[in-house]
>>> print(open('target-v8.tsv').read())   # TSV, C-alpha atoms and all ligand atoms
chain	number	residue	atom	x	y	z
A	1	MET	CA	0.00	0.00	0.00
A	2	PRO	CA	1.29	3.52	-0.75
A	3	LEU	CA	2.78	5.58	2.06
A	4	ARG	CA	1.60	9.10	2.82
A	5	SER	CA	2.60	11.73	5.39
A	6	LYS	CA	0.07	12.66	8.03
A	7	ILE	CA	0.61	15.83	10.10
A	8	THR	CA	0.04	14.58	13.66
A	9	GLY	CA	1.25	17.60	15.64
A	10	THR	CA	1.99	21.29	15.23
A	11	GLY	CA	3.93	23.68	17.45
A	12	ALA	CA	5.15	27.26	17.58
A	13	HIS	CA	7.44	29.49	19.55
A	14	LEU	CA	7.83	33.26	19.50
A	15	PRO	CA	10.32	35.45	21.36
A	16	ASP	CA	8.61	37.39	24.17
A	17	GLN	CA	9.86	40.82	23.05
A	18	VAL	CA	7.17	42.75	21.13
A	19	VAL	CA	8.31	45.61	18.87
A	20	THR	CA	5.51	47.87	17.60
A	21	ASN	CA	5.48	50.11	14.54
A	22	ASP	CA	5.67	53.12	16.86
A	23	ASP	CA	8.83	51.65	18.42
A	24	LEU	CA	10.39	51.49	14.92
A	25	ALA	CA	9.23	55.01	14.06
A	26	LYS	CA	11.56	56.21	16.84
A	27	LYS	CA	14.55	54.71	14.98
A	28	VAL	CA	13.81	55.21	11.25
A	29	ASP	CA	11.72	57.63	9.18
A	30	THR	CA	8.48	55.65	9.11
A	31	SER	CA	5.03	55.62	10.72
A	32	ASP	CA	2.49	53.16	12.05
A	33	GLU	CA	0.09	54.50	9.41
A	34	TRP	CA	2.44	53.73	6.47
A	35	ILE	CA	3.35	50.25	7.73
A	36	VAL	CA	-0.26	49.23	8.44
A	37	GLU	CA	-1.58	50.61	5.16
A	38	ARG	CA	1.15	49.10	2.93
A	39	THR	CA	1.72	45.79	4.74
A	40	GLY	CA	-0.93	45.09	7.41
A	41	ILE	CA	1.86	44.69	10.00
A	42	ARG	CA	1.19	46.17	13.46
A	43	GLU	CA	3.92	44.54	15.54
A	44	ARG	CA	6.55	41.80	15.41
A	45	ARG	CA	8.55	39.67	17.88
A	46	ILE	CA	12.30	40.18	18.05
A	47	VAL	CA	14.81	37.95	19.87
A	48	ARG	CA	16.79	39.19	22.84
A	49	GLU	CA	20.58	39.04	23.01
A	50	GLY	CA	21.72	35.40	22.98
A	51	GLU	CA	18.39	33.98	21.73
A	52	THR	CA	19.15	31.82	18.67
A	53	THR	CA	17.38	30.13	15.77
A	54	SER	CA	18.12	26.70	17.27
A	55	ALA	CA	16.57	27.75	20.61
A	56	LEU	CA	13.37	28.93	18.89
A	57	ALA	CA	13.34	25.82	16.69
A	58	PHE	CA	13.77	23.51	19.67
A	59	GLN	CA	10.84	25.06	21.57
A	60	ALA	CA	8.57	24.86	18.52
A	61	ALA	CA	9.65	21.23	17.99
A	62	GLU	CA	8.94	20.32	21.62
A	63	ASN	CA	5.44	21.82	21.31
A	64	ALA	CA	4.77	19.89	18.08
A	65	LEU	CA	6.05	16.64	19.62
A	66	GLU	CA	3.84	17.14	22.67
A	67	ALA	CA	0.81	17.68	20.41
A	68	ALA	CA	1.67	14.45	18.57
A	69	GLY	CA	2.22	12.54	21.84
A	70	LEU	CA	5.81	11.75	20.86
A	71	THR	CA	9.34	12.47	22.07
A	72	GLY	CA	12.53	13.24	20.16
A	73	GLN	CA	13.51	9.57	20.30
A	74	ASP	CA	10.49	8.68	18.13
A	75	ILE	CA	11.74	10.88	15.28
A	76	ASP	CA	14.13	9.68	12.57
A	77	LEU	CA	14.43	12.84	10.42
A	78	VAL	CA	14.79	16.51	11.35
A	79	VAL	CA	14.62	19.09	8.58
A	80	VAL	CA	15.02	22.74	9.56
A	81	ALA	CA	14.19	25.45	7.05
A	82	THR	CA	16.25	28.52	7.90
A	83	THR	CA	18.19	31.36	6.30
A	84	THR	CA	19.53	32.53	9.64
A	85	PRO	CA	21.36	29.51	11.10
A	86	ASP	CA	23.23	29.85	14.40
A	87	ASN	CA	26.51	29.12	12.57
A	88	THR	CA	27.58	28.68	8.96
A	89	PHE	CA	27.92	25.03	10.00
A	90	PRO	CA	26.99	22.65	11.54
A	91	SER	CA	23.36	22.81	10.47
A	92	THR	CA	20.78	24.15	12.90
A	93	ALA	CA	18.96	20.83	12.45
A	94	THR	CA	21.84	18.86	13.99
A	95	LYS	CA	21.81	21.24	16.98
A	96	VAL	CA	18.09	20.68	17.41
A	97	GLN	CA	18.62	16.92	17.08
A	98	ALA	CA	21.04	17.03	20.01
A	99	MET	CA	18.76	19.29	22.06
A	100	LEU	CA	15.93	16.78	21.54
A	101	GLY	CA	18.14	13.99	22.90
A	102	MET	CA	17.88	12.19	19.57
A	103	ASP	CA	20.86	9.96	18.84
A	104	HIS	CA	19.74	8.26	15.63
A	105	GLY	CA	18.36	9.22	12.23
A	106	ALA	CA	19.43	12.24	10.19
A	107	ALA	CA	19.16	16.01	10.48
A	108	PHE	CA	19.89	18.75	7.96
A	109	ASP	CA	18.88	22.29	6.96
A	110	VAL	CA	17.06	23.45	3.85
A	111	GLN	CA	17.64	26.95	2.55
A	112	ALA	CA	14.89	28.48	0.43
A	113	VAL	CA	14.35	31.68	2.45
A	114	CYS	CA	10.62	32.51	2.81
A	115	SER	CA	9.62	29.38	0.85
A	116	GLY	CA	11.80	27.28	3.16
A	117	PHE	CA	9.03	25.59	5.10
A	118	VAL	CA	7.20	24.43	1.97
A	119	TYR	CA	10.53	23.16	0.59
A	120	ALA	CA	11.37	21.33	3.84
A	121	LEU	CA	7.88	19.84	4.00
A	122	SER	CA	8.29	18.58	0.45
A	123	VAL	CA	11.68	17.00	1.23
A	124	ALA	CA	10.40	15.23	4.36
A	125	ASP	CA	7.21	14.13	2.59
A	126	ASN	CA	9.29	12.53	-0.15
A	127	PHE	CA	11.44	10.70	2.43
A	128	ILE	CA	8.23	9.30	3.92
A	129	ARG	CA	6.70	8.36	0.55
A	130	ALA	CA	9.93	6.53	-0.31
A	131	GLY	CA	9.75	4.54	2.92
A	132	GLN	CA	13.03	5.99	4.18
A	133	THR	CA	11.53	7.80	7.19
A	134	LYS	CA	8.73	6.88	9.61
A	135	ARG	CA	8.43	10.08	11.63
A	136	ALA	CA	9.86	13.47	10.69
A	137	LEU	CA	10.06	16.86	12.34
A	138	VAL	CA	9.83	19.76	9.89
A	139	ILE	CA	10.71	23.11	11.38
A	140	GLY	CA	10.78	26.66	10.02
A	141	ALA	CA	12.87	28.93	12.27
A	142	GLU	CA	14.35	32.36	11.72
A	143	VAL	CA	15.96	35.32	13.45
A	144	PHE	CA	15.72	37.75	10.54
A	145	SER	CA	16.36	40.61	12.99
A	146	LYS	CA	20.06	39.56	12.83
A	147	ILE	CA	20.32	40.22	9.08
A	148	LEU	CA	18.31	43.44	8.85
A	149	ASP	CA	19.80	46.83	8.15
A	150	TRP	CA	18.09	48.69	10.97
A	151	GLU	CA	18.70	51.99	9.14
A	152	ASP	CA	16.89	50.86	5.97
A	153	ARG	CA	13.20	51.68	6.43
A	154	THR	CA	12.25	49.81	3.24
A	155	THR	CA	13.16	46.44	4.80
A	156	CYS	CA	13.59	46.69	8.58
A	157	VAL	CA	9.89	47.27	9.27
A	158	LEU	CA	8.82	44.13	7.39
A	159	PHE	CA	10.33	41.21	9.31
A	160	GLY	CA	10.11	39.41	12.66
A	161	ASP	CA	11.57	36.37	14.45
A	162	GLY	CA	9.93	33.06	15.37
A	163	ALA	CA	9.63	29.33	14.75
A	164	GLY	CA	6.97	26.79	13.85
A	165	ALA	CA	7.09	23.02	13.50
A	166	VAL	CA	5.08	20.01	12.39
A	167	VAL	CA	5.43	16.28	13.04
A	168	LEU	CA	4.89	14.04	10.01
A	169	GLU	CA	4.10	10.36	10.44
A	170	ALA	CA	4.05	7.74	7.70
A	171	GLN	CA	0.76	5.99	7.17
A	172	GLU	CA	-0.32	3.37	4.67
A	173	VAL	CA	-3.28	4.42	2.55
A	174	GLU	CA	-5.50	2.82	-0.08
A	175	GLU	CA	-4.50	3.49	-3.68
A	176	GLY	CA	-6.01	6.85	-4.69
A	177	GLU	CA	-7.04	7.78	-1.12
A	178	GLN	CA	-6.73	11.55	-0.61
A	179	THR	CA	-5.38	11.91	2.90
A	180	GLY	CA	-2.44	13.65	4.61
A	181	ILE	CA	-0.05	15.59	2.35
A	182	LEU	CA	-1.65	15.22	-1.09
A	183	SER	CA	1.16	16.87	-3.04
A	184	THR	CA	3.88	19.51	-2.90
A	185	HIS	CA	5.01	21.74	-5.76
A	186	LEU	CA	8.35	23.59	-5.80
A	187	HIS	CA	9.76	26.19	-8.19
A	188	SER	CA	12.68	28.57	-8.42
A	189	ASP	CA	14.13	31.04	-10.88
A	190	GLY	CA	17.72	31.96	-10.06
A	191	LYS	CA	17.77	34.68	-12.69
A	192	LEU	CA	15.68	36.73	-10.26
A	193	ARG	CA	18.10	36.32	-7.33
A	194	ASP	CA	19.03	40.02	-7.26
A	195	LEU	CA	15.48	41.09	-6.38
A	196	LEU	CA	15.87	39.81	-2.82
A	197	TYR	CA	19.20	38.80	-1.32
A	198	VAL	CA	21.69	39.28	1.52
A	199	ASP	CA	24.80	41.30	0.67
A	200	GLY	CA	27.18	39.09	2.69
A	201	GLY	CA	28.30	35.52	3.34
A	202	PRO	CA	31.49	33.43	3.31
A	203	GLY	CA	31.85	33.74	-0.49
A	204	THR	CA	31.50	37.52	-0.62
A	205	ASN	CA	32.81	39.87	2.05
A	206	GLY	CA	32.90	37.39	4.91
A	207	GLN	CA	30.32	39.42	6.84
A	208	VAL	CA	26.87	38.16	7.73
A	209	GLY	CA	25.37	40.89	5.53
A	210	HIS	CA	21.96	42.57	5.33
A	211	VAL	CA	18.70	41.92	3.50
A	212	ARG	CA	18.31	43.92	0.29
A	213	MET	CA	15.03	43.90	-1.60
A	214	LEU	CA	13.37	45.51	-4.60
A	215	GLY	CA	10.00	45.33	-2.85
A	216	ARG	CA	7.74	46.38	-5.69
A	217	GLU	CA	9.30	43.85	-8.10
A	218	VAL	CA	9.09	41.03	-5.54
A	219	PHE	CA	5.46	41.95	-4.91
A	220	ARG	CA	4.65	41.68	-8.64
A	221	HIS	CA	6.27	38.24	-8.95
A	222	ALA	CA	4.63	37.03	-5.72
A	223	VAL	CA	1.10	37.66	-6.96
A	224	THR	CA	1.73	35.92	-10.32
A	225	ASN	CA	3.81	32.97	-9.07
A	226	LEU	CA	1.56	32.16	-6.12
A	227	ALA	CA	-1.56	32.12	-8.28
A	228	SER	CA	0.20	29.82	-10.74
A	229	VAL	CA	1.54	27.30	-8.18
A	230	VAL	CA	-1.79	27.18	-6.34
A	231	GLY	CA	-3.52	26.33	-9.63
A	232	GLU	CA	-0.92	23.65	-10.28
A	233	ALA	CA	-1.50	22.05	-6.85
A	234	LEU	CA	-5.28	21.97	-7.24
A	235	GLU	CA	-5.12	20.59	-10.78
A	236	ALA	CA	-2.66	17.84	-9.76
A	237	ASN	CA	-5.28	16.51	-7.33
A	238	GLY	CA	-8.38	17.01	-9.47
A	239	LEU	CA	-9.61	19.69	-7.06
A	240	THR	CA	-10.86	23.25	-7.57
A	241	GLN	CA	-10.64	26.44	-5.55
A	242	ASP	CA	-14.13	25.70	-4.16
A	243	ASP	CA	-12.70	22.67	-2.36
A	244	ILE	CA	-10.25	24.74	-0.24
A	245	ASP	CA	-11.25	25.08	3.42
A	246	TRP	CA	-8.21	27.03	4.62
A	247	LEU	CA	-5.49	29.03	2.92
A	248	VAL	CA	-2.36	29.17	5.08
A	249	PRO	CA	-0.11	31.53	3.14
A	250	HIS	CA	3.38	32.86	3.73
A	251	GLN	CA	2.85	36.09	5.65
A	252	ALA	CA	4.80	38.75	3.77
A	253	ASN	CA	2.19	41.40	3.19
A	254	LYS	CA	-1.55	41.57	3.87
A	255	ARG	CA	-2.06	42.97	0.37
A	256	ILE	CA	-0.47	39.83	-1.17
A	257	LEU	CA	-2.67	37.60	1.02
A	258	ASP	CA	-5.79	39.53	-0.03
A	259	GLY	CA	-4.75	39.40	-3.69
A	260	THR	CA	-4.21	35.62	-3.61
A	261	ALA	CA	-7.51	35.02	-1.79
A	262	ARG	CA	-9.32	37.22	-4.33
A	263	LYS	CA	-7.86	35.25	-7.22
A	264	LEU	CA	-9.04	32.03	-5.56
A	265	GLY	CA	-12.47	33.48	-4.85
A	266	LEU	CA	-11.86	32.63	-1.20
A	267	PRO	CA	-13.62	34.74	1.49
A	268	ALA	CA	-11.24	36.58	3.86
A	269	GLU	CA	-12.37	34.47	6.84
A	270	ARG	CA	-10.92	31.33	5.16
A	271	VAL	CA	-7.40	32.85	5.10
A	272	VAL	CA	-5.20	32.40	8.18
A	273	VAL	CA	-3.56	35.76	8.90
A	274	THR	CA	-0.76	36.39	11.40
A	275	VAL	CA	1.19	39.06	9.54
A	276	ASP	CA	-0.42	41.78	11.70
A	277	ARG	CA	1.24	40.35	14.84
A	278	HIS	CA	4.27	38.44	13.55
A	279	ALA	CA	5.28	40.43	10.42
A	280	ASN	CA	7.25	38.36	7.89
A	281	THR	CA	9.08	35.58	9.77
A	282	SER	CA	10.39	34.03	6.53
A	283	ALA	CA	10.49	30.20	6.76
A	284	ALA	CA	8.65	30.30	10.12
A	285	SER	CA	5.54	32.12	8.90
A	286	VAL	CA	3.57	29.20	7.40
A	287	PRO	CA	4.04	26.79	10.35
A	288	LEU	CA	3.34	29.63	12.83
A	289	ALA	CA	0.05	30.40	11.07
A	290	LEU	CA	-0.79	26.71	10.72
A	291	ASP	CA	-0.24	26.07	14.43
A	292	GLU	CA	-2.46	29.00	15.39
A	293	ALA	CA	-5.36	27.79	13.22
A	294	VAL	CA	-5.01	24.17	14.40
A	295	ARG	CA	-4.87	25.11	18.08
A	296	ASP	CA	-7.81	27.54	17.97
A	297	GLY	CA	-9.93	24.87	16.28
A	298	ARG	CA	-10.33	26.48	12.85
A	299	ILE	CA	-8.56	23.63	11.01
A	300	LYS	CA	-10.40	20.36	11.65
A	301	ALA	CA	-10.08	16.75	10.54
A	302	GLY	CA	-11.08	16.36	6.90
A	303	ASP	CA	-10.40	20.02	5.96
A	304	LEU	CA	-8.47	20.79	2.79
A	305	VAL	CA	-5.55	23.08	3.69
A	306	LEU	CA	-3.52	24.93	1.10
A	307	MET	CA	-0.11	26.32	2.06
A	308	GLU	CA	1.91	28.55	-0.25
A	309	ALA	CA	5.00	30.74	-0.09
A	310	MET	CA	7.42	32.80	-2.13
A	311	GLY	CA	10.83	34.18	-1.25
A	312	GLY	CA	14.41	34.97	-2.21
A	313	GLY	CA	15.94	33.00	-5.06
A	314	LEU	CA	13.32	33.55	-6.24
A	315	THR	CA	11.74	30.40	-4.84
A	316	TRP	CA	8.07	29.53	-4.51
A	317	GLY	CA	5.91	26.54	-3.77
A	318	ALA	CA	2.66	25.10	-2.47
A	319	ALA	CA	1.48	22.11	-0.45
A	320	LEU	CA	-2.02	20.68	-0.35
A	321	VAL	CA	-3.02	18.74	2.78
A	322	ARG	CA	-6.18	16.82	3.67
A	323	TRP	CA	-6.20	17.26	7.45
B	1	LIG	O1	8.85	37.24	2.00
B	1	LIG	C1	9.55	37.40	0.82
B	1	LIG	C2	8.75	38.05	-0.15
B	1	LIG	N1	8.67	39.46	0.12
B	1	LIG	C3	7.62	40.11	-0.25
B	1	LIG	O2	6.70	39.48	-0.73
B	1	LIG	C4	7.61	41.60	-0.13
B	1	LIG	C5	6.91	42.15	-1.33
B	1	LIG	N2	6.85	43.60	-1.36
B	1	LIG	C6	6.09	44.32	-0.53
B	1	LIG	O3	5.46	43.80	0.36
B	1	LIG	C7	5.95	45.81	-0.79
B	1	LIG	O4	6.54	46.11	-2.04
B	1	LIG	C8	6.63	46.69	0.31
B	1	LIG	C9	5.82	46.61	1.59
B	1	LIG	C10	8.05	46.23	0.55
B	1	LIG	C11	6.64	48.15	-0.15
B	1	LIG	O5	5.34	48.59	-0.44
B	1	LIG	P1	5.06	49.38	-1.80
B	1	LIG	O6	3.65	49.75	-1.78
B	1	LIG	O7	5.55	48.51	-2.93
B	1	LIG	O8	5.92	50.67	-1.61
B	1	LIG	P2	7.14	51.22	-2.50
B	1	LIG	O9	8.34	50.37	-2.34
B	1	LIG	O10	6.62	51.46	-3.88
B	1	LIG	O11	7.42	52.60	-1.79
B	1	LIG	C12	6.42	53.66	-1.79
B	1	LIG	C13	6.98	54.85	-1.02
B	1	LIG	C14	8.40	55.21	-1.43
B	1	LIG	O12	8.50	56.63	-1.43
B	1	LIG	P3	8.42	57.46	-2.80
B	1	LIG	O13	9.58	56.94	-3.64
B	1	LIG	O14	7.10	57.15	-3.39
B	1	LIG	O15	8.58	58.88	-2.34
B	1	LIG	C15	9.25	54.66	-0.33
B	1	LIG	O16	10.46	55.37	-0.16
B	1	LIG	O17	7.05	54.53	0.37
B	1	LIG	C16	8.36	54.83	0.87
B	1	LIG	N3	8.68	53.91	1.95
B	1	LIG	C17	8.36	54.14	3.23
B	1	LIG	N4	7.74	55.17	3.84
B	1	LIG	C18	7.55	55.07	5.16
B	1	LIG	C19	9.30	52.70	1.86
B	1	LIG	N5	9.38	52.15	3.09
B	1	LIG	C20	8.81	53.02	3.96
B	1	LIG	C21	8.60	52.99	5.34
B	1	LIG	N6	7.97	54.05	5.90
B	1	LIG	N7	8.99	51.96	6.12
>>> encode(input="target-v8.tsv", output="structure tokens")
Amino acid sequence: MPLRSKITGTGAHLPDQVVTNDDLAKKVDTSDEWIVERTGIRERRIVREGETTSALAFQAAENALEAAGLTGQDIDLVVVATTTPDNTFPSTATKVQAMLGMDHGAAFDVQAVCSGFVYALSVADNFIRAGQTKRALVIGAEVFSKILDWEDRTTCVLFGDGAGAVVLEAQEVEEGEQTGILSTHLHSDGKLRDLLYVDGGPGTNGQVGHVRMLGREVFRHAVTNLASVVGEALEANGLTQDDIDWLVPHQANKRILDGTARKLGLPAERVVVTVDRHANTSAASVPLALDEAVRDGRIKAGDLVLMEAMGGGLTWGAALVRW
């Protein structure tokens, strides 16, 4: 019988420090009014000194494991999606593996910036489908505050820190049965890498670097690419936009979320929105939103959940899940 991945637990963790738009307006030439109108962001969480991606990832993982009724020892694959690892190496995933007390299996990072969680989910799902993994932890964790130019108002107001995680468990299904992760769809176009990038790294100036973005251009590509990959995911499963119960999108900008929902003919109340409180947490945004909607009871067994994201690379992707 074919193997499919079932999401059996979700978890999240946010730093406790809240930074409001008014707080930022004291540092750069911006205003709460501009940020809310152009992005929908009202506040974000920012790590304190010494708080790391692996620490956020570990807490989110623990919460997801608790929800699934498992411990680290039950897991045989850890995939962490992050662009802001603690160190250049080893991977953040291996640090989390050790923190979980897991001494078997494999752990590695996936780097696809804001699309990272969808990429990591796809990788883990394929391990499960191939029979190579029984239980996987997929984590999106970021401390984007560490790579922001806090003097650049066009980027520093947009991002926040946080982590979200899911537990995937292999289950045998009947041929053709639509359950668990139905499909994942990944894309990238490296020709567009200069629209959103970090101007540092070991191969450039040896500094960590800062986020640089041509926001308007990225916005334009986001609306087109997300609509296209969502259509691809639905078509691959013989489904239509009317079948979607919940859209769990990457949280970059409320205007992008509204645009995607409009294209899908989906009412606003079917879209899970956290961008107002979390801002853009890159690879963490989809699992953070997912966890919120699962825990508050919006997402229920049998619901069709569509996740999508786009980010630096450019990279973009979607995942369709029957909960
Ligand atoms: O997660 C990865 C994917 N990332 C995204 O999807 C981000 C996509 N892009 C966006 O969300 C939007 O393009 C932004 C929110 C980044 C910018 O919004 P926009 O409506 O595209 O604004 P803009 O860049 O066209 O800038 C409009 C004006 C400019 O002033 P002028 O040239 O018209 O005088 C900017 O200098 O707003 C100015 N501006 C600001 N003003 C106050 C830019 N940033 C700020 C700011 N506060 N923080």
>>> residues_near_ligand(input="target-v8.tsv", ligand="ligand LIG 1 (chain B)", cutoff="9 Å", atoms="only C-alpha atoms and all ligand atoms", output="ChimeraX atom specification")
/A:24-25,28-35,37-39,113-115,152-159,196,213-223,250-256,280-283,309-312,314
>>> atom_distance(input="target-v8.tsv", atom1="CA of Gln171 (chain A)", atom2="CA of Leu3 (chain A)")
5.5 Å
>>> closest_residue(input="target-v8.tsv", among="A:Met307, A:Leu65, A:Ile181, A:Val47", to="Leu226 (chain A)", atoms="only C-alpha atoms")
A:Met307
>>> atom_distance(input="target-v8.tsv", atom1="CA of Ala301 (chain A)", atom2="CA of Trp323 (chain A)")
5.0 Å
>>> residues_around(input="target-v8.tsv", residues="region 236-245 of chain A", least_positions_apart="4", cutoff="7 Å", atoms="only C-alpha atoms", output="MDAnalysis selection string")
chainID A and resid 232 264 270 303:306
>>> write_last_selection(input="target-v8.tsv", atoms="C-alpha atoms", output="PDB file, in the coordinates of the input")
ATOM      1  CA  GLU A 232      -0.920  23.650 -10.280  1.00  0.00           C
ATOM      2  CA  LEU A 264      -9.040  32.030  -5.560  1.00  0.00           C
ATOM      3  CA  ARG A 270     -10.920  31.330   5.160  1.00  0.00           C
ATOM      4  CA  ASP A 303     -10.400  20.020   5.960  1.00  0.00           C
ATOM      5  CA  LEU A 304      -8.470  20.790   2.790  1.00  0.00           C
ATOM      6  CA  VAL A 305      -5.550  23.080   3.690  1.00  0.00           C
ATOM      7  CA  LEU A 306      -3.520  24.930   1.100  1.00  0.00           C
TER       8      LEU A 306
END
>>> atom_distance(input="target-v8.tsv", atom1="CA of Ile75 (chain A)", atom2="CA of Glu292 (chain A)")
23.0 Å
>>> closest_residue(input="target-v8.tsv", among="A:Lys27, A:Leu77, A:Ile7, A:Thr184", to="Phe127 (chain A)", atoms="all atoms listed in the file")
A:Leu77
>>> closest_residue(input="target-v8.tsv", among="A:Val110, A:Ala98, A:Ile128, A:Ala268", to="Pro2 (chain A)", atoms="only C-alpha atoms")
A:Ile128
>>> closest_residue(input="target-v8.tsv", among="A:Gly105, A:Gly164, A:Gly40, A:Gly116", to="Thr133 (chain A)", atoms="all atoms listed in the file")
A:Gly105
>>> closest_residue(input="target-v8.tsv", among="A:Val272, A:Val143, A:Ala319, A:Val230", to="Leu121 (chain A)", atoms="only C-alpha atoms")
A:Ala319
>>> closest_residue(input="target-v8.tsv", among="A:Val173, A:Leu234, A:Ala64, A:Val96", to="Arg295 (chain A)", atoms="all atoms listed in the file")
A:Ala64
>>> residues_near_point(input="target-v8.tsv", point="(9.5, 25.2, 12.6)", cutoff="12 Å", atoms="all atoms listed in the file", output="NGL selection string")
:A and (9-14 or 53-65 or 78-82 or 92-93 or 96 or 109-110 or 116-118 or 120-121 or 136-142 or 161-167 or 281-291)
>>> residues_around(input="target-v8.tsv", residues="Gly160 (chain A)", least_positions_apart="6", cutoff="8 Å", atoms="all atoms listed in the file", output="VMD selection string")
chain A and resid 44 to 46 143 to 145 278 to 281
>>> residues_around(input="target-v8.tsv", residues="Lys95 (chain A)", least_positions_apart="4", cutoff="9 Å", atoms="all atoms listed in the file", output="ChimeraX atom specification")
/A:54,58,90-91,99-100,107
>>> residues_near_point(input="target-v8.tsv", point="(12.6, 11.0, 19.3)", cutoff="9 Å", atoms="all atoms listed in the file", output="PyMOL selection string")
chain A and resi 65+70-76+97+100-104+135
>>> write_last_selection(input="target-v8.tsv", atoms="C-alpha atoms", output="CSV table (one decimal), in the coordinates of the input")
chain,number,residue,atom,x,y,z
A,65,LEU,CA,6.0,16.6,19.6
A,70,LEU,CA,5.8,11.8,20.9
A,71,THR,CA,9.3,12.5,22.1
A,72,GLY,CA,12.5,13.2,20.2
A,73,GLN,CA,13.5,9.6,20.3
A,74,ASP,CA,10.5,8.7,18.1
A,75,ILE,CA,11.7,10.9,15.3
A,76,ASP,CA,14.1,9.7,12.6
A,97,GLN,CA,18.6,16.9,17.1
A,100,LEU,CA,15.9,16.8,21.5
A,101,GLY,CA,18.1,14.0,22.9
A,102,MET,CA,17.9,12.2,19.6
A,103,ASP,CA,20.9,10.0,18.8
A,104,HIS,CA,19.7,8.3,15.6
A,135,ARG,CA,8.4,10.1,11.6
>>> build_atoms(input="target-v8.tsv", residues="region 274-286 of chain A", atoms="N, CA, C and O atoms", output="PDB file, keeping the file's coordinate frame")
ATOM      1  N   THR A 274      -1.534  36.071  10.190  1.00  0.00           N
ATOM      2  CA  THR A 274      -0.760  36.390  11.400  1.00  0.00           C
ATOM      3  C   THR A 274       0.178  37.564  11.155  1.00  0.00           C
ATOM      4  O   THR A 274       0.872  37.996  12.074  1.00  0.00           O
ATOM      5  N   VAL A 275       0.214  38.031   9.909  1.00  0.00           N
ATOM      6  CA  VAL A 275       1.190  39.060   9.540  1.00  0.00           C
ATOM      7  C   VAL A 275       1.040  40.320  10.401  1.00  0.00           C
ATOM      8  O   VAL A 275       2.017  41.012  10.680  1.00  0.00           O
ATOM      9  N   ASP A 276      -0.192  40.589  10.863  1.00  0.00           N
ATOM     10  CA  ASP A 276      -0.420  41.780  11.700  1.00  0.00           C
ATOM     11  C   ASP A 276       0.374  41.720  13.010  1.00  0.00           C
ATOM     12  O   ASP A 276       0.875  42.719  13.489  1.00  0.00           O
ATOM     13  N   ARG A 277       0.551  40.497  13.549  1.00  0.00           N
ATOM     14  CA  ARG A 277       1.240  40.350  14.840  1.00  0.00           C
ATOM     15  C   ARG A 277       2.669  39.816  14.752  1.00  0.00           C
ATOM     16  O   ARG A 277       3.472  40.020  15.636  1.00  0.00           O
ATOM     17  N   HIS A 278       2.947  39.063  13.674  1.00  0.00           N
ATOM     18  CA  HIS A 278       4.270  38.440  13.550  1.00  0.00           C
ATOM     19  C   HIS A 278       5.163  39.116  12.527  1.00  0.00           C
ATOM     20  O   HIS A 278       6.352  38.864  12.498  1.00  0.00           O
ATOM     21  N   ALA A 279       4.593  39.919  11.612  1.00  0.00           N
ATOM     22  CA  ALA A 279       5.280  40.430  10.420  1.00  0.00           C
ATOM     23  C   ALA A 279       5.742  39.239   9.587  1.00  0.00           C
ATOM     24  O   ALA A 279       5.183  38.143   9.712  1.00  0.00           O
ATOM     25  N   ASN A 280       6.754  39.441   8.753  1.00  0.00           N
ATOM     26  CA  ASN A 280       7.250  38.360   7.890  1.00  0.00           C
ATOM     27  C   ASN A 280       8.358  37.621   8.640  1.00  0.00           C
ATOM     28  O   ASN A 280       9.441  38.161   8.833  1.00  0.00           O
ATOM     29  N   THR A 281       8.073  36.380   9.043  1.00  0.00           N
ATOM     30  CA  THR A 281       9.080  35.580   9.770  1.00  0.00           C
ATOM     31  C   THR A 281       9.748  34.575   8.832  1.00  0.00           C
ATOM     32  O   THR A 281      10.264  33.542   9.279  1.00  0.00           O
ATOM     33  N   SER A 282       9.721  34.860   7.530  1.00  0.00           N
ATOM     34  CA  SER A 282      10.390  34.030   6.530  1.00  0.00           C
ATOM     35  C   SER A 282       9.932  32.565   6.640  1.00  0.00           C
ATOM     36  O   SER A 282       8.725  32.321   6.655  1.00  0.00           O
ATOM     37  N   ALA A 283      10.854  31.628   6.773  1.00  0.00           N
ATOM     38  CA  ALA A 283      10.490  30.200   6.760  1.00  0.00           C
ATOM     39  C   ALA A 283       9.576  29.801   7.925  1.00  0.00           C
ATOM     40  O   ALA A 283       8.966  28.730   7.898  1.00  0.00           O
ATOM     41  N   ALA A 284       9.468  30.659   8.951  1.00  0.00           N
ATOM     42  CA  ALA A 284       8.650  30.300  10.120  1.00  0.00           C
ATOM     43  C   ALA A 284       7.181  30.686   9.924  1.00  0.00           C
ATOM     44  O   ALA A 284       6.315  30.230  10.676  1.00  0.00           O
ATOM     45  N   SER A 285       6.879  31.511   8.924  1.00  0.00           N
ATOM     46  CA  SER A 285       5.540  32.120   8.900  1.00  0.00           C
ATOM     47  C   SER A 285       4.430  31.109   8.628  1.00  0.00           C
ATOM     48  O   SER A 285       3.380  31.160   9.265  1.00  0.00           O
ATOM     49  N   VAL A 286       4.633  30.174   7.705  1.00  0.00           N
ATOM     50  CA  VAL A 286       3.570  29.200   7.400  1.00  0.00           C
ATOM     51  C   VAL A 286       3.311  28.280   8.603  1.00  0.00           C
ATOM     52  O   VAL A 286       2.159  28.129   9.027  1.00  0.00           O
TER      53      VAL A 286
END
